[in-house]
file upload_1.cif (mmCIF, C-alpha atoms)
data_coords
#
loop_
_atom_site.label_atom_id
_atom_site.label_comp_id
_atom_site.auth_asym_id
_atom_site.auth_seq_id
_atom_site.Cartn_x
_atom_site.Cartn_y
_atom_site.Cartn_z
CA MET A 58 21.32 11.12 63.11
CA ARG A 59 23.44 14.25 62.64
CA ALA A 60 26.09 12.95 65.03
CA GLN A 61 26.26 9.69 63.08
CA THR A 62 26.95 11.42 59.76
CA ALA A 63 29.53 13.81 61.21
CA VAL A 64 32.02 11.09 62.08
CA PRO A 65 32.45 9.59 58.57
CA LEU A 66 32.87 13.06 57.08
CA GLY A 67 35.50 13.97 59.66
CA ARG A 68 37.29 10.65 59.31
CA GLY A 69 37.14 10.24 55.55
CA ARG A 70 38.40 13.64 54.35
CA PHE A 71 37.60 12.61 50.78
CA THR A 72 37.82 16.14 49.37
CA GLU A 73 41.36 16.42 50.68
CA LEU A 74 42.32 13.04 49.26
CA GLY A 75 40.88 13.87 45.86
CA LEU A 76 42.81 17.13 45.68
CA LEU A 77 46.03 15.35 46.63
CA VAL A 78 45.61 13.25 43.48
CA TRP A 79 45.97 16.47 41.48
CA VAL A 80 49.04 17.36 43.53
CA ALA A 81 50.51 14.00 42.56
CA ALA A 82 49.87 14.72 38.89
CA ILE A 83 51.56 18.12 39.13
CA ALA A 84 54.61 16.78 40.97
CA ILE A 85 55.27 13.76 38.76
CA THR A 86 54.54 15.57 35.49
CA GLY A 87 56.75 18.50 36.46
CA PHE A 88 59.73 16.39 37.45
CA VAL A 89 59.50 14.18 34.38
CA ALA A 90 59.21 17.21 32.07
CA VAL A 91 62.20 19.00 33.61
CA LEU A 92 64.50 15.96 33.68
CA ALA A 93 63.45 14.79 30.23
CA THR A 94 64.23 18.21 28.78
CA GLU A 95 67.60 18.42 30.52
CA THR A 96 68.75 14.90 29.62
CA SER A 97 66.72 14.32 26.41
CA SER A 98 65.60 11.00 27.85
CA PHE A 99 63.44 9.59 30.62
CA ARG A 100 64.92 7.79 33.60
CA PRO A 101 62.88 5.98 36.26
CA THR A 102 64.90 7.79 38.93
CA ALA A 103 63.15 11.00 37.83
CA VAL A 104 60.11 10.09 39.90
CA VAL A 105 61.96 9.14 43.11
CA VAL A 106 61.85 12.61 44.71
CA PRO A 107 58.19 13.32 43.81
CA LEU A 108 57.18 9.86 45.05
CA VAL A 109 58.92 10.48 48.40
CA PHE A 110 57.19 13.84 48.68
CA LEU A 111 53.79 12.39 47.77
CA ALA A 112 54.24 9.61 50.32
CA LEU A 113 54.94 12.33 52.87
CA MET A 114 51.77 14.22 51.97
CA LEU A 115 49.72 11.01 52.01
CA SER A 116 51.07 10.23 55.48
CA LEU A 117 49.86 13.64 56.66
CA HIS A 118 46.43 12.89 55.22
CA VAL A 119 46.36 9.49 56.95
CA PHE A 120 47.47 11.19 60.18
CA LEU A 121 44.54 13.62 60.01
CA VAL A 122 42.12 10.80 59.26
CA GLY A 123 43.55 8.74 62.11
CA ILE A 124 42.99 11.47 64.71
CA ARG A 125 39.51 12.17 63.26
CA PHE A 126 40.45 15.74 62.44
CA ARG A 127 37.46 17.81 61.31
CA GLY A 128 39.18 20.91 59.99
CA ASP A 129 39.48 22.44 56.52
CA GLN A 130 40.13 19.98 53.67
CA VAL A 131 41.49 22.41 51.07
CA LEU A 132 44.44 24.15 52.75
CA LEU A 133 46.62 21.03 52.99
CA PRO A 134 46.34 20.18 49.25
CA ILE A 135 47.02 23.83 48.29
CA ALA A 136 50.13 23.94 50.48
CA ALA A 137 51.21 20.56 49.11
CA GLY A 138 50.67 21.70 45.53
CA LEU A 139 52.70 24.88 46.02
CA THR A 140 55.48 22.92 47.75
CA ALA A 141 55.49 20.39 44.89
CA ILE A 142 55.87 23.24 42.38
CA GLY A 143 58.71 24.54 44.52
CA LEU A 144 60.50 21.19 44.43
CA VAL A 145 60.13 21.04 40.65
CA LEU A 146 61.62 24.53 40.36
CA VAL A 147 64.50 23.71 42.71
CA GLN A 148 65.27 20.72 40.49
CA ARG A 149 65.15 23.04 37.49
CA LEU A 150 67.08 25.99 38.95
CA ALA A 151 69.47 24.49 41.53
CA SER A 152 69.40 20.70 41.43
CA ASP A 153 72.23 20.46 43.97
CA LEU A 154 69.84 21.93 46.56
CA LEU A 155 66.99 19.51 45.83
CA LEU A 156 67.76 16.99 48.58
CA GLN A 157 68.10 19.82 51.09
CA GLN A 158 64.71 21.19 50.12
CA LEU A 159 63.19 17.70 50.31
CA SER A 160 64.71 17.33 53.79
CA TRP A 161 63.19 20.65 54.81
CA SER A 162 59.85 19.43 53.45
CA ILE A 163 60.04 16.43 55.77
CA ILE A 164 60.85 18.70 58.73
CA ALA A 165 57.99 21.02 57.72
CA ALA A 166 55.59 18.07 57.64
CA GLY A 167 56.67 17.14 61.16
CA ALA A 168 56.16 20.73 62.32
CA PHE A 169 52.70 20.72 60.74
CA ALA A 170 51.75 17.51 62.54
CA ALA A 171 53.01 18.91 65.84
CA THR A 172 51.01 22.10 65.34
CA ILE A 173 47.86 20.04 64.76
CA VAL A 174 48.07 18.47 68.23
CA VAL A 175 49.86 21.16 70.31
CA PRO A 176 48.52 23.15 72.07
CA ARG A 177 45.29 21.38 72.87
CA ASP A 178 43.48 24.68 73.38
CA LEU A 179 44.33 27.43 70.88
CA THR A 180 42.71 30.14 72.98
CA ALA A 181 45.35 29.50 75.67
CA LEU A 182 47.84 31.27 73.38
CA ALA A 183 46.13 34.59 74.14
CA ARG A 184 47.02 34.36 77.83
CA TYR A 185 50.73 34.61 77.04
CA LYS A 186 50.56 37.44 74.54
CA TRP A 187 53.36 39.50 76.11
CA THR A 188 55.59 36.42 76.19
CA TRP A 189 55.11 35.96 72.44
CA ALA A 190 55.76 39.66 71.86
CA LEU A 191 59.00 39.60 73.85
CA LEU A 192 60.17 36.40 72.17
CA GLY A 193 59.35 37.86 68.77
CA VAL A 194 61.32 41.04 69.41
CA LEU A 195 64.31 39.07 70.72
CA LEU A 196 64.32 36.86 67.62
CA LEU A 197 63.95 39.92 65.41
CA ILE A 198 67.03 41.65 66.82
CA ALA A 199 69.07 38.43 67.10
CA PRO A 200 70.74 38.92 63.66
CA LEU A 201 72.17 42.22 64.92
CA LEU A 202 74.21 40.44 67.60
CA PRO A 203 77.92 40.26 66.75
CA VAL A 204 78.52 36.54 67.33
CA ILE A 205 75.49 34.78 65.87
CA GLY A 206 74.26 37.39 63.38
CA ARG A 207 75.19 36.98 59.73
CA GLU A 208 74.82 39.21 56.68
CA ILE A 209 74.03 37.39 53.42
CA ASN A 210 73.32 39.05 50.07
CA GLY A 211 73.27 42.48 51.69
CA ALA A 212 70.65 41.72 54.37
CA ARG A 213 71.48 41.01 58.01
CA ILE A 214 68.49 38.78 58.78
CA TRP A 215 70.28 35.50 59.49
CA ILE A 216 71.62 33.79 62.59
CA LYS A 217 74.23 31.05 62.48
CA VAL A 218 73.10 27.61 63.64
CA GLY A 219 75.82 24.98 63.30
CA PRO A 220 77.14 24.85 59.74
CA GLY A 221 74.08 26.63 58.32
CA SER A 222 71.90 29.66 58.91
CA ILE A 223 68.22 30.31 59.62
CA GLU A 224 66.01 33.36 59.28
CA PRO A 225 64.45 34.00 62.71
CA TRP A 226 62.03 36.56 61.33
CA GLU A 227 60.09 33.73 59.69
CA ALA A 228 59.03 32.55 63.15
CA VAL A 229 58.56 36.15 64.28
CA LYS A 230 55.70 36.51 61.78
CA ILE A 231 53.57 33.95 63.61
CA LEU A 232 54.55 35.11 67.09
CA LEU A 233 53.61 38.72 66.36
CA VAL A 234 50.29 37.72 64.75
CA ILE A 235 49.40 35.79 67.93
CA PHE A 236 50.31 38.85 70.01
CA PHE A 237 48.39 41.24 67.76
CA ALA A 238 45.29 39.01 67.85
CA ALA A 239 45.34 38.77 71.64
CA TYR A 240 46.07 42.48 72.17
CA LEU A 241 43.44 43.69 69.73
CA GLU A 242 40.83 41.35 71.18
CA GLU A 243 41.44 42.85 74.62
CA TYR A 244 41.49 46.51 73.62
CA ARG A 245 39.25 46.50 70.55
CA GLU A 246 36.41 48.35 72.26
CA VAL A 247 38.67 51.15 73.47
CA LEU A 248 40.34 51.53 70.07
CA SER A 249 37.12 51.48 68.06
CA HIS A 250 34.87 53.50 70.40
CA ALA A 251 37.07 56.36 71.57
CA GLN A 252 35.32 59.19 73.39
CA ARG A 253 37.32 61.95 71.70
CA ARG A 254 37.24 62.48 67.95
CA ILE A 255 38.82 64.88 65.47
CA GLY A 256 36.16 65.19 62.82
CA PRO A 257 35.26 61.64 61.77
CA PHE A 258 38.46 60.16 63.25
CA PRO A 259 38.63 58.56 66.71
CA VAL A 260 41.35 59.60 69.16
CA PRO A 261 41.85 56.84 71.75
CA PRO A 262 43.84 57.38 74.95
CA ILE A 263 47.54 57.86 74.22
CA PRO A 264 48.63 54.59 75.95
CA TYR A 265 46.61 52.59 73.43
CA LEU A 266 48.49 54.19 70.55
CA VAL A 267 51.82 52.96 71.92
CA PRO A 268 51.70 49.59 70.05
CA ILE A 269 51.30 51.44 66.73
CA VAL A 270 54.34 53.61 67.41
CA ALA A 271 56.27 50.62 68.78
CA MET A 272 55.58 48.57 65.65
CA TRP A 273 56.67 51.51 63.52
CA GLY A 274 59.91 51.72 65.50
CA ILE A 275 60.56 48.00 65.09
CA ALA A 276 59.86 48.26 61.35
CA MET A 277 62.34 51.13 61.02
CA LEU A 278 64.90 49.16 63.04
CA VAL A 279 64.63 46.26 60.61
CA MET A 280 64.88 48.53 57.57
CA ILE A 281 67.89 50.49 58.81
CA PHE A 282 70.04 47.97 60.66
CA GLU A 283 69.05 44.65 59.11
CA LYS A 284 68.79 46.17 55.63
CA ASP A 285 65.56 44.33 54.85
CA ILE A 286 62.81 46.42 53.30
CA GLY A 287 60.64 43.37 52.72
CA ALA A 288 60.37 42.38 56.38
CA THR A 289 59.58 45.99 57.25
CA THR A 290 56.71 46.07 54.77
CA LEU A 291 55.44 42.66 55.85
CA PHE A 292 55.41 43.25 59.60
CA PHE A 293 53.87 46.68 59.48
CA GLY A 294 51.39 45.72 56.75
CA ILE A 295 50.08 42.73 58.70
CA PHE A 296 49.73 44.85 61.84
CA LEU A 297 47.77 47.58 60.05
CA ALA A 298 45.51 45.02 58.35
CA MET A 299 44.70 43.34 61.66
CA LEU A 300 44.15 46.72 63.34
CA PHE A 301 41.66 47.69 60.66
CA LEU A 302 39.84 44.33 60.90
CA ALA A 303 39.60 44.62 64.68
CA THR A 304 38.36 48.20 64.88
CA GLY A 305 36.85 49.00 61.50
CA GLU A 306 38.57 52.40 61.71
CA ALA A 307 40.56 53.40 58.63
CA PHE A 308 42.17 56.19 60.69
CA TYR A 309 44.69 53.82 62.22
CA ALA A 310 45.72 52.48 58.84
CA ILE A 311 46.14 56.04 57.58
CA ILE A 312 48.33 56.91 60.58
CA GLY A 313 50.40 53.79 60.06
CA LEU A 314 50.89 54.34 56.34
CA GLY A 315 51.86 57.94 57.01
CA LEU A 316 54.44 56.89 59.58
CA LEU A 317 55.81 54.26 57.19
CA ILE A 318 56.15 56.75 54.33
CA VAL A 319 57.83 59.35 56.54
CA GLY A 320 60.19 56.75 58.01
CA GLY A 321 61.02 55.37 54.58
CA PHE A 322 61.75 58.85 53.22
CA VAL A 323 64.09 59.66 56.12
CA ALA A 324 65.82 56.29 55.76
CA TYR A 325 66.26 56.93 52.03
CA GLN A 326 67.97 60.25 52.75
CA LEU A 327 70.25 58.91 55.49
CA PHE A 328 71.19 55.34 54.57
CA GLY A 329 72.93 54.25 51.39
CA HIS A 330 71.56 50.71 51.21
CA VAL A 331 67.96 51.96 51.31
CA GLN A 332 68.78 54.51 48.62
CA ALA A 333 70.38 51.81 46.48
CA ARG A 334 67.26 49.61 46.64
CA VAL A 335 64.96 52.45 45.64
CA ASP A 336 67.25 53.76 42.87
CA THR A 337 67.57 50.26 41.42
CA TRP A 338 63.79 49.97 41.37
CA LEU A 339 63.26 53.35 39.70
CA ARG A 340 65.94 53.12 36.99
CA PRO A 341 67.33 49.57 36.67
CA PHE A 342 68.24 50.05 32.99
CA ASP A 343 70.58 53.00 33.60
CA GLU A 344 74.12 52.34 32.40
CA ASP A 345 75.55 52.63 35.90
CA LEU A 346 73.03 50.13 37.34
CA ARG A 347 72.03 47.55 34.73
CA PHE A 348 75.30 45.59 35.04
CA SER A 349 75.70 46.10 38.79
CA THR A 350 72.94 46.46 41.39
CA GLY A 351 70.20 46.39 38.76
CA TYR A 352 71.47 43.32 36.90
CA GLN A 353 69.27 40.83 38.80
CA LEU A 354 66.11 42.86 38.25
CA VAL A 355 66.87 43.50 34.58
CA GLN A 356 67.43 39.82 33.84
CA GLY A 357 64.21 38.98 35.66
CA LEU A 358 62.28 41.41 33.48
CA TYR A 359 63.83 39.89 30.36
CA ALA A 360 62.70 36.45 31.58
CA LEU A 361 59.13 37.70 31.97
CA ALA A 362 59.18 39.15 28.47
CA ASN A 363 60.57 35.92 27.05
CA GLY A 364 57.79 33.84 28.61
CA GLY A 365 54.94 35.34 26.66
CA LEU A 366 51.44 33.93 27.02
CA ILE A 367 52.11 30.19 27.34
CA GLY A 368 55.83 30.13 28.16
CA VAL A 369 58.80 28.42 26.55
CA GLY A 370 58.21 25.12 28.35
CA LEU A 371 59.71 23.59 31.48
CA GLY A 372 63.45 23.27 31.08
CA ASN A 373 63.63 25.47 27.97
CA GLY A 374 64.15 28.88 29.55
CA MET A 375 67.33 30.65 30.60
CA PRO A 376 66.78 31.28 34.32
CA ASP A 377 70.49 30.72 35.04
CA ARG A 378 71.08 34.28 33.85
CA ILE A 379 69.31 35.60 36.95
CA PRO A 380 71.51 35.63 40.08
CA ILE A 381 70.06 33.73 43.06
CA VAL A 382 67.06 32.83 40.91
CA TRP A 383 65.98 29.87 43.11
CA SER A 384 65.25 32.23 46.01
CA ASP A 385 64.64 35.84 44.98
CA PHE A 386 63.32 35.41 41.43
CA VAL A 387 61.65 32.02 41.37
CA PHE A 388 58.40 33.67 40.18
CA ASP A 389 60.12 35.16 37.12
CA ALA A 390 61.75 31.83 36.32
CA PHE A 391 58.39 30.06 36.55
CA ALA A 392 56.66 32.73 34.46
CA GLU A 393 59.29 32.42 31.72
CA GLU A 394 58.75 28.68 31.31
CA ALA A 395 55.02 28.49 32.13
CA GLY A 396 54.05 31.84 30.61
CA LEU A 397 51.45 34.34 31.71
CA ALA A 398 48.88 31.56 31.89
CA GLY A 399 51.02 29.55 34.32
CA ALA A 400 51.81 32.63 36.41
CA ILE A 401 48.11 33.44 36.73
CA ALA A 402 47.37 29.84 37.71
CA LEU A 403 50.07 29.99 40.39
CA LEU A 404 48.70 33.26 41.78
CA ALA A 405 45.21 31.73 41.70
CA LEU A 406 46.39 29.06 44.15
CA TYR A 407 47.49 31.77 46.55
CA LEU A 408 44.16 33.52 46.06
CA VAL A 409 42.27 30.34 46.96
CA PHE A 410 44.53 29.96 50.00
CA LEU A 411 43.63 33.49 51.09
CA TYR A 412 39.93 32.82 50.46
CA ARG A 413 39.94 29.68 52.60
CA GLY A 414 41.90 31.43 55.33
CA MET A 415 39.49 34.38 55.46
CA LEU A 416 36.52 31.98 55.37
CA ILE A 417 37.99 30.24 58.41
CA ALA A 418 38.39 33.64 60.09
CA LEU A 419 34.76 34.58 59.42
CA ARG A 420 33.51 31.29 60.88
CA ALA A 421 35.72 31.38 63.98
CA PRO A 422 33.69 31.56 67.22
CA THR A 423 35.83 34.13 69.11
CA MET A 424 37.43 37.45 68.21
CA PHE A 425 40.89 36.12 69.06
CA LEU A 426 40.55 33.19 66.67
CA GLN A 427 39.07 35.43 63.98
CA LEU A 428 41.99 37.85 64.16
CA LEU A 429 44.48 34.98 64.40
CA ALA A 430 43.19 33.29 61.25
CA ALA A 431 42.93 36.58 59.36
CA GLY A 432 46.45 37.63 60.36
CA LEU A 433 47.96 34.29 59.34
CA SER A 434 46.15 34.45 55.99
CA PHE A 435 47.45 37.98 55.44
CA ILE A 436 51.01 36.72 56.00
CA VAL A 437 50.84 34.50 52.93
CA ALA A 438 48.87 37.05 50.89
CA LEU A 439 51.06 40.05 51.68
CA GLN A 440 54.29 38.07 51.35
CA THR A 441 53.20 36.88 47.92
CA LEU A 442 52.18 40.40 46.93
CA VAL A 443 55.51 41.89 48.06
CA ILE A 444 57.78 39.38 46.30
CA VAL A 445 55.73 39.20 43.11
CA GLY A 446 55.47 43.00 43.06
CA GLY A 447 59.25 43.20 43.41
CA ASN A 448 59.79 40.70 40.60
CA LEU A 449 57.42 42.69 38.37
CA ARG A 450 59.09 45.98 39.35
CA LEU A 451 55.91 47.35 40.86
CA ILE A 452 57.64 48.00 44.18
CA PRO A 453 61.31 47.93 45.30
CA LEU A 454 62.81 44.45 45.32
CA THR A 455 62.97 42.76 48.73
CA GLY A 456 64.53 39.67 50.22
CA ILE A 457 61.18 38.02 50.97
CA THR A 458 60.67 34.56 49.48
CA LEU A 459 57.61 33.29 47.60
CA PRO A 460 55.71 31.18 50.19
CA PHE A 461 56.08 27.39 49.81
CA VAL A 462 57.68 27.73 46.36
CA ALA A 463 61.06 29.45 46.78
CA TYR A 464 64.04 27.57 48.18
CA GLY A 465 64.46 28.03 51.92
CA GLY A 466 64.02 25.85 54.97
CA SER A 467 63.01 28.47 57.55
CA SER A 468 60.24 29.79 55.35
CA LEU A 469 58.92 26.35 54.43
CA VAL A 470 58.73 25.11 58.02
CA THR A 471 57.06 28.31 59.24
CA ASN A 472 54.49 28.32 56.44
CA TRP A 473 53.49 24.73 57.12
CA MET A 474 53.06 25.57 60.81
CA LEU A 475 50.87 28.47 59.68
CA VAL A 476 48.71 26.03 57.71
CA GLY A 477 48.44 23.82 60.79
CA ILE A 478 47.21 26.70 62.95
CA LEU A 479 44.64 27.77 60.35
CA MET A 480 43.32 24.22 60.17
CA ARG A 481 43.15 24.11 63.95
CA VAL A 482 40.99 27.25 63.95
CA SER A 483 38.70 25.66 61.37
CA GLN A 484 38.45 22.57 63.57
CA VAL A 485 37.27 24.68 66.51
CA SER A 486 34.60 26.24 64.29
CA GLU A 487 33.40 22.86 63.07
CA ARG A 488 33.13 21.54 66.60
CA MET A 489 31.11 24.58 67.65
CA ARG A 490 28.79 24.12 64.65
CA GLY A 491 28.60 20.35 65.21
CA GLY A 492 29.41 19.49 61.57
CA GLY A 493 32.02 17.52 59.71
CA GLY A 494 35.05 18.96 58.03
CA PRO A 495 34.32 21.63 55.42
CA SER A 496 34.60 20.56 51.84
#
call {"tool": "encode", "arguments": {"input": "upload_1.cif", "output": "structure tokens"}}
result
Amino acid sequence: MRAQTAVPLGRGRFTELGLLVWVAAIAITGFVAVLATETSSFRPTAVVVPLVFLALMLSLHVFLVGIRFRGDQVLLPIAAGLTAIGLVLVQRLASDLLLQQLSWSIIAAGAFAATIVVPRDLTALARYKWTWALLGVLLLIAPLLPVIGREINGARIWIKVGPGSIEPWEAVKILLVIFFAAYLEEYREVLSHAQRRIGPFPVPPIPYLVPIVAMWGIAMLVMIFEKDIGATTLFFGIFLAMLFLATGEAFYAIIGLGLLIVGGFVAYQLFGHVQARVDTWLRPFDEDLRFSTGYQLVQGLYALANGGLIGVGLGNGMPDRIPIVWSDFVFDAFAEEAGLAGAIALLALYLVFLYRGMLIALRAPTMFLQLLAAGLSFIVALQTLVIVGGNLRLIPLTGITLPFVAYGGSSLVTNWMLVGILMRVSQVSERMRGGGGPS
């Protein structure tokens, strides 16, 4: 009897379909509101882009139903909702980029579908952990190469591909999480049950500390030569979080944070671009900064203040005063027009995403899958924390984009692949438990 009820639940995915109805409401309402405000009239063409996007999301739902996928039913609607908000904001902030972002959404949907079916066995990824590590490092240093590397907006994190550019570090995030999960699964016992201790702190054999030092070195390389503080914080933060989850030892996190602080202090003393980022964060309103390097941050803070509790309404703000608002400051632009209430609602979506991801990690049947799901969830959580913290002037501003929402093809494709992997992990758990897809 249990086997008979599991199939309809896995095939129907009614929770997912119901949540996609809300995504449709957000997308259509948002586009109509923005275009009606800008043109003072309603045109039927206003719903063309959201309808194309919703057809794309519905096709993904039908695809999952067709292959009788039994994974999580909440992650896809959350990712779709955030992407829909992103499309609305691209229409509002940089309408000439809307078709490009829609095209990237289609590519991202294809990448998601491919991730759902390949590889057939997720645990096989652990066998090639050093391959993923090497590939990740090569992609990370690729922007430093003289022919293909490009520096845009002060950060050298791009490589030239045809007429455009991509950010290889977006793919590096997933590759390194796979490596970390496989490595920590293999050496977790040694790292968490060291024979030698200094007081309450474990001291594992020196060779097992090499990955911590290596990750610190890579993080410093990115900060110094690629001029990207955000990627440095993201990579090292994810590694320390996964290390703590695997071992339960706060000592490693303390070592890592200490190394990061020391490295950041030395970089601040030696390199002008690091010093400029920190100085702009500490005193953006100084006369020598507010109309130069601090101008973007100052205008973003004014936008937040203008938004108030409920915002000025979609299309009624002045986000065009913020340079590169569609990428670096999309959160401030949204908060100005949707207010504090809208900003909290947006952050709540990310919180639910993190909750579902960590729930998938807790239910995963193997340590590798647990660490994989937790690491991927931390990518979205930490990336959101870093960019929102930068927009709010809680930490130095970075070049990291707001997941799913900010304009950018590399980020969108990678994040949708991340969702696909998380759903694959949840599918493995459901098969082991013998149930239908979680609601």
call {"tool": "closest_residue", "arguments": {"input": "upload_1.cif", "among": "A:Ala438, A:Leu77, A:Ala431, A:Leu469", "to": "Leu300 of chain A", "atoms": "all atoms listed in the file"}}
result
A:Ala431
call {"tool": "closest_residue", "arguments": {"input": "upload_1.cif", "among": "A:Gly320, A:Tyr240, A:Ala333, A:Leu371", "to": "Val89 of chain A", "atoms": "all atoms listed in the file"}}
result
A:Leu371
call {"tool": "resolve_selection", "arguments": {"input": "upload_1.cif", "expression": "the PyMOL selection byres ((chain A and resi 307-311) around 8)", "output": "NGL selection string"}}
result
:A and (258-259 or 297-298 or 300-301 or 305-306 or 312-315)
call {"tool": "resolve_selection", "arguments": {"input": "upload_1.cif", "expression": "the PyMOL selection byres ((chain A and resi 439) around 12)", "output": "number ranges by chain"}}
result
A: 230, 287-298, 407-408, 411, 431-438, 440-446, 457-460
call {"tool": "atom_distance", "arguments": {"input": "upload_1.cif", "atom1": "atom CA of Leu416 of chain A", "atom2": "atom CA of Phe126 of chain A"}}
result
18.1 Å
call {"tool": "resolve_selection", "arguments": {"input": "upload_1.cif", "expression": "the PyMOL selection byres ((chain A and resi 418) around 8)", "output": "list in words"}}
result
Gly414, Met415, Leu416, Ile417, Leu419, Arg420, Ala421, Leu426, Gln427, Leu428, Leu429, Ala430, Ala431 and Val482 of chain A
call {"tool": "write_last_selection", "arguments": {"input": "upload_1.cif", "atoms": "C-alpha atoms", "output": "CSV table (one decimal), in the coordinates of the input"}}
result
chain,number,residue,atom,x,y,z
A,414,GLY,CA,41.9,31.4,55.3
A,415,MET,CA,39.5,34.4,55.5
A,416,LEU,CA,36.5,32.0,55.4
A,417,ILE,CA,38.0,30.2,58.4
A,419,LEU,CA,34.8,34.6,59.4
A,420,ARG,CA,33.5,31.3,60.9
A,421,ALA,CA,35.7,31.4,64.0
A,426,LEU,CA,40.6,33.2,66.7
A,427,GLN,CA,39.1,35.4,64.0
A,428,LEU,CA,42.0,37.8,64.2
A,429,LEU,CA,44.5,35.0,64.4
A,430,ALA,CA,43.2,33.3,61.2
A,431,ALA,CA,42.9,36.6,59.4
A,482,VAL,CA,41.0,27.2,64.0
call {"tool": "residues_around", "arguments": {"input": "upload_1.cif", "residues": "segment 351-361 of chain A", "least_positions_apart": "5", "cutoff": "6 Å", "atoms": "all atoms listed in the file", "output": "PDB file with C-alpha atoms, in the frame of the given file"}}
result
ATOM      1  CA  THR A 337      67.570  50.260  41.420  1.00  0.00           C
ATOM      2  CA  PRO A 341      67.330  49.570  36.670  1.00  0.00           C
ATOM      3  CA  LEU A 346      73.030  50.130  37.340  1.00  0.00           C
ATOM      4  CA  ILE A 379      69.310  35.600  36.950  1.00  0.00           C
ATOM      5  CA  PRO A 380      71.510  35.630  40.080  1.00  0.00           C
ATOM      6  CA  ASP A 389      60.120  35.160  37.120  1.00  0.00           C
ATOM      7  CA  GLU A 393      59.290  32.420  31.720  1.00  0.00           C
TER       8      GLU A 393
END
call {"tool": "atom_distance", "arguments": {"input": "upload_1.cif", "atom1": "atom CA of Leu195 of chain A", "atom2": "atom CA of Leu179 of chain A"}}
result
23.1 Å
call {"tool": "residues_around", "arguments": {"input": "upload_1.cif", "residues": "Val78 of chain A", "least_positions_apart": "5", "cutoff": "12 Å", "atoms": "only C-alpha atoms", "output": "number ranges by chain"}}
result
A: 71-73, 83-85, 111-112, 114-115, 118, 134-135, 137-138
call {"tool": "atom_distance", "arguments": {"input": "upload_1.cif", "atom1": "atom CA of Leu146 of chain A", "atom2": "atom CA of Trp79 of chain A"}}
result
17.6 Å
call {"tool": "closest_residue", "arguments": {"input": "upload_1.cif", "among": "A:Val194, A:Ile223, A:Ser349, A:Val234", "to": "Gly274 of chain A", "atoms": "only C-alpha atoms"}}
result
A:Val194
call {"tool": "closest_residue", "arguments": {"input": "upload_1.cif", "among": "A:Leu241, A:Met424, A:Met474, A:Val147", "to": "Val382 of chain A", "atoms": "all atoms listed in the file"}}
result
A:Val147
call {"tool": "closest_residue", "arguments": {"input": "upload_1.cif", "among": "A:Gly370, A:Arg340, A:Pro422, A:Leu117", "to": "Ala168 of chain A", "atoms": "all atoms listed in the file"}}
result
A:Leu117
call {"tool": "closest_residue", "arguments": {"input": "upload_1.cif", "among": "A:Thr350, A:Phe236, A:Ser162, A:Val323", "to": "Leu191 of chain A", "atoms": "only C-alpha atoms"}}
result
A:Phe236
call {"tool": "residues_near_point", "arguments": {"input": "upload_1.cif", "point": "(48.5, 16.4, 56.5)", "cutoff": "10 Å", "atoms": "only C-alpha atoms", "output": "short mmCIF file (atom, residue, chain, number, x, y, z; two decimals) with C-alpha atoms, in the frame of the given file"}}
result
data_model
loop_
_atom_site.label_atom_id
_atom_site.label_comp_id
_atom_site.auth_asym_id
_atom_site.auth_seq_id
_atom_site.Cartn_x
_atom_site.Cartn_y
_atom_site.Cartn_z
CA GLU A 73 41.36 16.42 50.68
CA LEU A 113 54.94 12.33 52.87
CA MET A 114 51.77 14.22 51.97
CA LEU A 115 49.72 11.01 52.01
CA SER A 116 51.07 10.23 55.48
CA LEU A 117 49.86 13.64 56.66
CA HIS A 118 46.43 12.89 55.22
CA VAL A 119 46.36 9.49 56.95
CA PHE A 120 47.47 11.19 60.18
CA LEU A 121 44.54 13.62 60.01
CA VAL A 122 42.12 10.80 59.26
CA GLN A 130 40.13 19.98 53.67
CA LEU A 132 44.44 24.15 52.75
CA LEU A 133 46.62 21.03 52.99
CA PRO A 134 46.34 20.18 49.25
CA ALA A 136 50.13 23.94 50.48
CA ALA A 137 51.21 20.56 49.11
CA ALA A 166 55.59 18.07 57.64
CA GLY A 167 56.67 17.14 61.16
CA PHE A 169 52.70 20.72 60.74
CA ALA A 170 51.75 17.51 62.54
CA ILE A 173 47.86 20.04 64.76
CA TRP A 473 53.49 24.73 57.12
CA VAL A 476 48.71 26.03 57.71
CA GLY A 477 48.44 23.82 60.79
#
call {"tool": "decode", "arguments": {"input": "upload_1.cif", "residues": "segment 149-160 of chain A", "atoms": "C-alpha atoms", "output": "short mmCIF file (atom, residue, chain, number, x, y, z; two decimals), in the first residue's frame"}}
result
data_model
loop_
_atom_site.label_atom_id
_atom_site.label_comp_id
_atom_site.auth_asym_id
_atom_site.auth_seq_id
_atom_site.Cartn_x
_atom_site.Cartn_y
_atom_site.Cartn_z
CA ARG A 149 13.05 48.58 -13.78
CA LEU A 150 16.78 49.33 -13.56
CA ALA A 151 18.23 48.40 -16.97
CA SER A 152 15.50 47.49 -19.43
CA ASP A 153 18.01 47.17 -22.28
CA LEU A 154 19.45 44.13 -20.47
CA LEU A 155 16.09 42.40 -19.95
CA LEU A 156 16.23 40.12 -23.00
CA GLN A 157 19.78 39.11 -22.10
CA GLN A 158 18.70 38.17 -18.60
CA LEU A 159 15.71 36.27 -19.97
CA SER A 160 18.07 34.41 -22.30
#
